[in-house]
Structures are given as C-alpha cells and as structure tokens.
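Asks: Please find coords_38.cif (mmCIF, C-alpha atoms) on the next line:
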data_input
#
loop_
_atom_site.label_atom_id
_atom_site.label_comp_id
_atom_site.auth_asym_id
_atom_site.auth_seq_id
_atom_site.Cartn_x
_atom_site.Cartn_y
_atom_site.Cartn_z
CA MET N 22 7.07 -62.28 -20.11
CA LYS N 23 4.71 -63.26 -17.27
CA ILE N 24 7.01 -61.44 -14.87
CA MET N 25 6.85 -58.25 -17.00
CA TYR N 26 3.03 -58.41 -17.08
CA SER N 27 2.96 -59.04 -13.34
CA ILE N 28 5.22 -56.04 -12.69
CA LEU N 29 3.12 -53.88 -15.02
CA CYS N 30 -0.11 -54.95 -13.29
CA LEU N 31 1.44 -54.33 -9.88
CA ALA N 32 2.61 -50.86 -10.97
CA LEU N 33 -0.87 -50.02 -12.31
CA LEU N 34 -2.42 -51.24 -9.06
CA ILE N 35 -0.10 -49.05 -6.98
CA VAL N 36 -0.72 -45.97 -9.15
CA GLY N 37 -4.46 -46.64 -9.27
CA CYS N 38 -4.74 -46.93 -5.48
CA LYS N 39 -3.23 -43.52 -4.74
CA ALA N 40 -5.16 -41.74 -2.02
CA GLU N 41 -7.35 -38.81 -2.96
CA PRO N 42 -5.75 -35.46 -2.10
CA ASP N 43 -6.92 -33.92 1.17
CA ASN N 44 -9.02 -30.91 0.22
CA SER N 45 -10.32 -30.20 3.73
CA ALA N 46 -8.22 -27.03 4.22
CA ASN N 47 -9.56 -25.57 0.96
CA GLU N 48 -13.14 -26.42 1.90
CA LEU N 49 -12.65 -24.89 5.34
CA PHE N 50 -11.10 -21.79 3.76
CA ALA N 51 -14.12 -21.39 1.44
CA LYS N 52 -16.56 -21.71 4.36
CA ASN N 53 -14.57 -19.34 6.57
CA SER N 54 -14.27 -16.82 3.71
CA GLU N 55 -18.07 -16.59 3.70
CA THR N 56 -18.02 -15.79 7.43
CA ALA N 57 -15.30 -13.15 6.96
CA LEU N 58 -17.32 -11.58 4.13
CA GLN N 59 -20.44 -11.60 6.30
CA SER N 60 -18.51 -9.74 9.01
CA MET N 61 -17.55 -7.05 6.48
CA LEU N 62 -21.03 -6.74 5.00
CA ASP N 63 -22.51 -6.49 8.49
CA TRP N 64 -20.10 -3.65 9.29
CA GLU N 65 -20.94 -1.89 6.03
CA SER N 66 -24.69 -2.16 6.74
CA GLU N 67 -24.12 -1.04 10.34
CA THR N 68 -25.57 -4.26 11.77
CA PRO N 69 -22.72 -6.22 13.35
CA ASP N 70 -23.72 -9.80 14.14
CA TYR N 71 -21.63 -10.86 17.12
CA SER N 72 -22.93 -14.44 16.91
CA ILE N 73 -20.34 -15.17 14.18
CA TYR N 74 -17.58 -14.55 16.76
CA ALA N 75 -16.42 -17.02 19.39
CA ASP N 76 -17.24 -16.03 22.97
CA ASN N 77 -13.55 -15.43 23.65
CA ALA N 78 -12.74 -13.84 20.25
CA VAL N 79 -10.06 -11.18 20.25
CA ALA N 80 -9.11 -8.30 18.01
CA TYR N 81 -5.38 -7.64 18.16
CA ASN N 82 -4.56 -3.97 18.62
CA THR N 83 -1.93 -3.28 15.98
CA TYR N 84 -2.08 0.50 16.14
CA PHE N 85 0.65 2.72 17.53
CA GLY N 86 0.38 3.39 21.25
CA ALA N 87 -2.14 0.64 22.00
CA GLU N 88 -2.44 0.22 25.76
CA ASN N 89 -3.48 -3.44 25.48
CA ASP N 90 -2.33 -6.00 22.93
CA SER N 91 -5.89 -7.19 22.28
CA THR N 92 -9.56 -6.47 22.90
CA MET N 93 -12.29 -9.01 23.59
CA ILE N 94 -14.72 -8.61 20.66
CA GLN N 95 -17.71 -9.81 22.70
CA SER N 96 -17.08 -7.35 25.56
CA GLU N 97 -19.66 -4.65 26.22
CA GLU N 98 -16.89 -2.06 25.92
CA ALA N 99 -15.97 -3.25 22.40
CA LYS N 100 -19.61 -3.40 21.32
CA ALA N 101 -20.17 0.15 22.62
CA ARG N 102 -17.08 1.35 20.71
CA ASP N 103 -18.38 -0.32 17.53
CA LYS N 104 -21.79 1.30 18.01
CA SER N 105 -20.18 4.69 18.48
CA MET N 106 -18.02 4.31 15.36
CA LEU N 107 -20.97 3.18 13.25
CA SER N 108 -23.14 6.07 14.45
CA LYS N 109 -20.44 8.63 13.59
CA TYR N 110 -19.02 7.28 10.30
CA ASP N 111 -20.28 5.54 7.18
CA PHE N 112 -18.23 2.61 5.86
CA LYS N 113 -18.29 1.40 2.27
CA LEU N 114 -16.43 -1.65 1.02
CA LEU N 115 -14.69 -0.59 -2.21
CA THR N 116 -12.98 -3.86 -3.12
CA ASN N 117 -15.92 -5.90 -4.28
CA PRO N 118 -15.61 -8.79 -4.37
CA PRO N 119 -13.00 -8.76 -1.62
CA VAL N 120 -9.69 -10.50 -2.20
CA PHE N 121 -9.42 -13.47 0.16
CA LEU N 122 -6.36 -15.67 0.37
CA PRO N 123 -5.86 -18.81 2.45
CA GLY N 124 -3.80 -18.44 5.60
CA VAL N 125 -1.35 -20.95 6.97
CA ASN N 126 -0.56 -22.42 10.35
CA ALA N 127 2.43 -20.55 11.79
CA ASP N 128 4.13 -23.76 12.91
CA THR N 129 3.47 -26.13 10.01
CA LYS N 130 3.24 -23.53 7.21
CA LEU N 131 0.30 -25.55 5.81
CA PRO N 132 -3.14 -24.09 4.93
CA ASP N 133 -5.37 -24.18 7.99
CA GLY N 134 -8.66 -22.62 6.91
CA SER N 135 -7.80 -19.14 8.15
CA VAL N 136 -8.54 -16.20 5.88
CA ARG N 137 -6.42 -13.25 4.81
CA TYR N 138 -8.12 -10.20 3.32
CA TYR N 139 -6.74 -7.34 1.26
CA GLY N 140 -8.97 -4.49 0.23
CA ALA N 141 -10.06 -0.88 0.46
CA TRP N 142 -12.81 0.89 2.34
CA GLU N 143 -14.20 4.39 2.02
CA VAL N 144 -14.92 5.97 5.40
CA THR N 145 -17.14 9.07 5.46
CA LEU N 146 -17.82 11.57 8.19
CA PRO N 147 -21.33 12.73 7.17
CA ALA N 148 -22.20 16.38 6.74
CA THR N 149 -23.71 18.33 9.61
CA ASP N 150 -25.44 21.73 9.70
CA SER N 151 -22.03 23.40 9.96
CA THR N 152 -19.69 21.04 8.09
CA GLU N 153 -19.52 19.29 4.76
CA ALA N 154 -19.16 15.54 4.44
CA LYS N 155 -15.58 14.33 4.32
CA SER N 156 -14.35 10.97 3.04
CA GLY N 157 -11.11 9.05 2.91
CA VAL N 158 -10.05 5.72 1.48
CA ILE N 159 -8.09 3.26 3.56
CA ARG N 160 -6.42 0.09 2.34
CA LEU N 161 -6.15 -2.74 4.76
CA ASN N 162 -4.74 -6.18 5.29
CA GLU N 163 -6.63 -8.34 7.78
CA ALA N 164 -6.27 -11.86 9.07
CA PHE N 165 -9.19 -13.91 10.40
CA ASP N 166 -8.56 -17.03 12.49
CA PHE N 167 -11.40 -19.43 13.30
CA ASP N 168 -12.24 -21.89 16.05
CA THR N 169 -13.38 -25.47 15.46
CA ASP N 170 -17.03 -24.32 15.35
CA GLY N 171 -16.31 -22.00 12.40
CA LYS N 172 -16.62 -18.83 14.46
CA ILE N 173 -14.13 -16.00 14.21
CA ALA N 174 -11.64 -16.45 17.05
CA ALA N 175 -9.15 -13.69 16.26
CA ILE N 176 -8.79 -10.72 13.94
CA GLN N 177 -5.76 -8.60 13.32
CA GLY N 178 -5.61 -5.78 10.83
CA TYR N 179 -2.96 -3.54 9.43
CA ARG N 180 -3.85 -0.09 8.10
CA HIS N 181 -3.16 3.56 8.82
CA TYR N 182 -6.43 4.06 10.65
CA SER N 183 -5.21 6.77 13.01
CA GLY N 184 -4.10 8.86 10.02
CA LEU N 185 -7.53 8.49 8.43
CA MET N 186 -9.27 9.55 11.66
CA MET N 187 -6.99 12.59 11.98
CA TYR N 188 -7.82 13.56 8.39
CA LEU N 189 -11.58 13.13 8.81
CA ASN N 190 -11.79 14.98 12.13
CA GLN N 191 -9.54 17.99 11.47
#
Please go through the file and, once you have read it, give me the structure as structure tokens.
Replies:
Amino acid sequence: MKIMYSILCLALLIVGCKAEPDNSANELFAKNSETALQSMLDWESETPDYSIYADNAVAYNTYFGAENDSTMIQSEEAKARDKSMLSKYDFKLLTNPPVFLPGVNADTKLPDGSVRYYGAWEVTLPATDSTEAKSGVIRLNEAFDFDTDGKIAAIQGYRHYSGLMMYLNQ
C-alpha cells in the first residue's frame, strides 16, 4: 500500500509541476494589434505617424504591374505619395472594430506576434466646383510584421485598389 501511495504522490507531484503555458506570442500579438490599429486610425485622420515604423520598414507592392517589389515606408518619396493621397481622398474605416488575427512564422507555423487584418474602407473623392463627390468601398486583407522593438517592419496588402482608383477618377 505504501508503494501505491508513493506512486500516487509522485504522479500528483509531476502533474502539479507542469510548466505554465507560454503566452508570450499572444501578448505580443495584442500589443502589435494596437500598433496596427494606430496605423489605420492615423491614416483615417490624415495624420500618419511614421515613428511607429522601423527605419527600414517596407511595404510590399502587391499590385499588378508594380515596378519594384517593395517600397521603403520611411523614404521621402513614400511620404510624399502618402501626403498626396491623403490630400486628394478621404478614407473611412468601415470595419470597426477591425478584425485582427494572429499571424504565424512562415518556417515554424507558430504564432509570432504578427498581425493579420481583414476589413473594409470607404474611399471618397470629395466634390469640387464641377464634380460631385464619389465614393467606393474596398475590402482588404493586410499583414503587419514587427521588429523586436515593436515597430512595424513590413506591410503587405491585398485588395483591388487600382479598380477603385479607376472608378473614382473616371
């Protein structure tokens, strides 16, 4: 009987000493989701804050006919393009709150703190003296990758943006 009690005590000790699950990827995902949301809200309010991006952050060009596979987000050319877009169009986030899902490491297939976003935006070309305002809704799927400092290191998005621009500007 002593052996049975010893085995039972040993089993309880082993079960009781199980390590706590590693929740670091979930915590990182939650923190990085806040940064991704801030990026979207900044765009909507026409006040992009480039300090949330790494110095070498890239936006992958996923549109048809792209001359380069990526653009440096912190480049003066990219900032000027953003400024031009924001001065010409109004952007409104329609999916509120946005749908964020955790991303995974491509090699390990384990959560890594990256953020995937699925949602819809309304883009409006405001009225002028000779034209009426024109709006279109675009659904998009974006992926945000982060560096070790929690800054956005890479963005890639999938949407039919060129079709929306053709519609708005015809």
Asks: Apply the PyMOL selection byres ((chain N and resi 175-181) around 6) to the displayed file and report the matching residues as JSON, numbers by chain.
Replies: {"N": [78, 79, 80, 81, 161, 162, 163, 164, 165, 166, 173, 174, 182, 183, 184]}
Asks: Please enumerate the residues selected by the PyMOL selection byres ((chain N and resi 74) around 9) when evaluated against the supplied file, formatted as a PDB file with C-alpha atoms, in the coordinates of the input.
Replies:
ATOM      1  CA  ASP N  70     -23.720  -9.800  14.140  1.00  0.00           C
ATOM      2  CA  TYR N  71     -21.630 -10.860  17.120  1.00  0.00           C
ATOM      3  CA  SER N  72     -22.930 -14.440  16.910  1.00  0.00           C
ATOM      4  CA  ILE N  73     -20.340 -15.170  14.180  1.00  0.00           C
ATOM      5  CA  ALA N  75     -16.420 -17.020  19.390  1.00  0.00           C
ATOM      6  CA  ASP N  76     -17.240 -16.030  22.970  1.00  0.00           C
ATOM      7  CA  ASN N  77     -13.550 -15.430  23.650  1.00  0.00           C
ATOM      8  CA  ALA N  78     -12.740 -13.840  20.250  1.00  0.00           C
ATOM      9  CA  VAL N  79     -10.060 -11.180  20.250  1.00  0.00           C
ATOM     10  CA  ILE N  94     -14.720  -8.610  20.660  1.00  0.00           C
ATOM     11  CA  GLN N  95     -17.710  -9.810  22.700  1.00  0.00           C
ATOM     12  CA  PHE N 167     -11.400 -19.430  13.300  1.00  0.00           C
ATOM     13  CA  GLY N 171     -16.310 -22.000  12.400  1.00  0.00           C
ATOM     14  CA  LYS N 172     -16.620 -18.830  14.460  1.00  0.00           C
ATOM     15  CA  ILE N 173     -14.130 -16.000  14.210  1.00  0.00           C
ATOM     16  CA  ALA N 174     -11.640 -16.450  17.050  1.00  0.00           C
ATOM     17  CA  ALA N 175      -9.150 -13.690  16.260  1.00  0.00           C
TER      18      ALA N 175
END
Asks: Give me the residues within 7 Å of region 148-159 of chain N as a PyMOL selection string, counting only C-alpha atoms and dropping any in the same chain fewer than 6 places off.
Replies: chain N and resi 141-142+185+189
Asks: Can you spit out the residues from that selection as a tab-separated table (two decimals), keeping the file's coordinate frame, using C-alpha atoms?
Replies:
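Below is the file that was written, again-v2.tsv:
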chain	number	residue	atom	x	y	z
N	141	ALA	CA	-10.06	-0.88	0.46
N	142	TRP	CA	-12.81	0.89	2.34
N	185	LEU	CA	-7.53	8.49	8.43
N	189	LEU	CA	-11.58	13.13	8.81
Asks: Pick out the residues sitting within 6 Å of region 112-122 of chain N, and hand them over as an MDAnalysis selection string; count only C-alpha atoms, and ignore anything fewer than 4 positions along from it in its own chain.
Replies: chainID N and resid 65 136:144
Asks: From the set N:Tyr110, N:Met187, N:Ala127, N:Asp170, which residue has the shortest atom-to-atom contact distance to Ser66 (chain N), counting all atoms listed in the file?
Replies: N:Tyr110
Asks: Quick one: distance from CA of Pro132 (chain N) to CA of Asn47 (chain N) in Å, one decimal?
Replies: 7.7 Å
Asks: To one decimal place, how far is CA of Asp128 (chain N) from CA of Phe85 (chain N) in Å?
Replies: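 Separation between CA of Asp128 (chain N) and CA of Phe85 (chain N): 27.1 Å.
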Asks: For this structure, which residues satisfy the selection - the PyMOL selection byres ((chain N and resi 54) around 9) - when it is evaluated on the file as given? I want them as a ChimeraX atom specification.
Replies: /N:49-53,55-59,121-123,134-137,165
Asks: Would you mind reading off the distance between CA of Leu107 (chain N) and CA of Trp64 (chain N), one decimal, in Å?
Replies: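 Here the two named atoms are 7.9 Å from each other.
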